[in-house]
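Undergrad: This is the structure, below, for whatever I ask next.
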Amino acid sequence: MGLSISNAALRLVSGAFILNSGIGKLSLAPEHAAGLQASAARVVPQVETLEPERFGRYLSYAEIGIGATLLLPMVPSRLAGLVLGAFSGGLLANYLKSPGLTQADGIRPTPAGVPLAKDVWLVGIAVALVFHRKRR
């Protein structure tokens with residue numbers, strides 16, 4: 001199970017970014033956790049049943065786990081890509097379902113949507129990790 005330099009670079013960049021985000025959410029203020037929860041509920045309505053503090057903790061742990069999965073070289077790149085794909089797909093769905101973030105076409109971002117639309121780079125990294133073919 002070799003790890004190519006290109007896959008290592010993709011995993012390092014995205015893994016460090018997500019891990020840092022998760023660590024930053026360990027001490028999330030209840031108001032901020034509630035805002036993130038309301039946003040996430042547009043994609044996964046079941047998260048509304050959680051207390052905001054608990055949701056914030058779970059989100060933090062999930063991001064730390066995803067970041068660590070990407071950074072650990074013993075995790076196969078295809079598996080790391082699938083994990084990242086699920087996470088980034090959720091981010092992209094959140095962007096597309098949030099009112100006021102897309103223009104009339106439903107895809108291109110408004111100025112308010114740019115901070116979320118930029119997460120599409122994680123989708124691209126996930127696709128690259130899943131479909132990377134090793135040279136023989």
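Chain labels follow the order of the structure tokens: the first chain is A, the next B, and so on; residue numbering restarts at 1 in every chain, and ligands are counted from 1 in their shown order.
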For the helix (DSSP H, G or I) assignment from backbone DSSP, which residues of chain A qualify? Please present them as a count of residues only.
TA: 94
Undergrad: Could you name the residues that touch Leu59 in chain A at 8 Å or less, counting only C-alpha atoms, but leaving out those on the same chain fewer than 4 positions away, as a list in words?
TA: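 Non-adjacent residues within range: Gly22, Lys25, Phe55 and Glu63 of chain A.
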Undergrad: Considering only C-alpha atoms, state which residue in the set A:Ala8, A:Ile66, A:Gly35, A:Ser60 is at the smallest distance from Ala86 in chain A.
TA: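 Closest to Ala86 in chain A, using only C-alpha atoms: A:Ile66.
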Undergrad: Could you jot down the CA of Phe87 in chain A to CA of Val47 in chain A separation for me, Å, one decimal place?
TA: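 Result for CA of Phe87 in chain A versus CA of Val47 in chain A: 15.2 Å, one decimal.
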Undergrad: What is the distance between CA of Leu96 in chain A and CA of Ala41 in chain A, in Å to one decimal?
TA: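 Between CA of Leu96 in chain A and CA of Ala41 in chain A the gap is 13.1 Å.
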Undergrad: If we count only C-alpha atoms and set the cut-off at 8 Å, which residues sit around Leu91 in chain A, ignoring sequence neighbours fewer than 3 positions away in its own chain? Please answer as a list in words.
TA: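 Using only C-alpha atoms, the neighbours found are Phe87, Ser88, Asn94, Tyr95, Leu116 and Asp119 of chain A.
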Undergrad: Let me make sure I understand: among A:Ala128, A:His32, A:Val83, A:Pro45, which one has the smallest atom-to-atom distance to Gly67 in chain A if we use only C-alpha atoms?
TA: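 Using only C-alpha atoms, Gly67 in chain A sits closest to A:Val83.
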Undergrad: Quick one: pull the distance between CA of Leu84 in chain A and CA of Ala126 in chain A, Å, one decimal.
TA: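 Separating CA of Leu84 in chain A from CA of Ala126 in chain A is a distance of 5.5 Å.
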Undergrad: Looking at A:Ala9, A:Ala38, A:Arg133, A:Leu92, which one is nearest to Pro115 in chain A, with distances taken over only C-alpha atoms?
TA: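 Checking each of A:Ala9, A:Ala38, A:Arg133, A:Leu92 against Pro115 in chain A, counting only C-alpha atoms, the winner is A:Leu92.
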Undergrad: For Gly81 in chain A, which of A:Ser39, A:Thr110, A:Thr69, A:Thr49 is the closest residue, counting only C-alpha atoms?
TA: A:Thr69
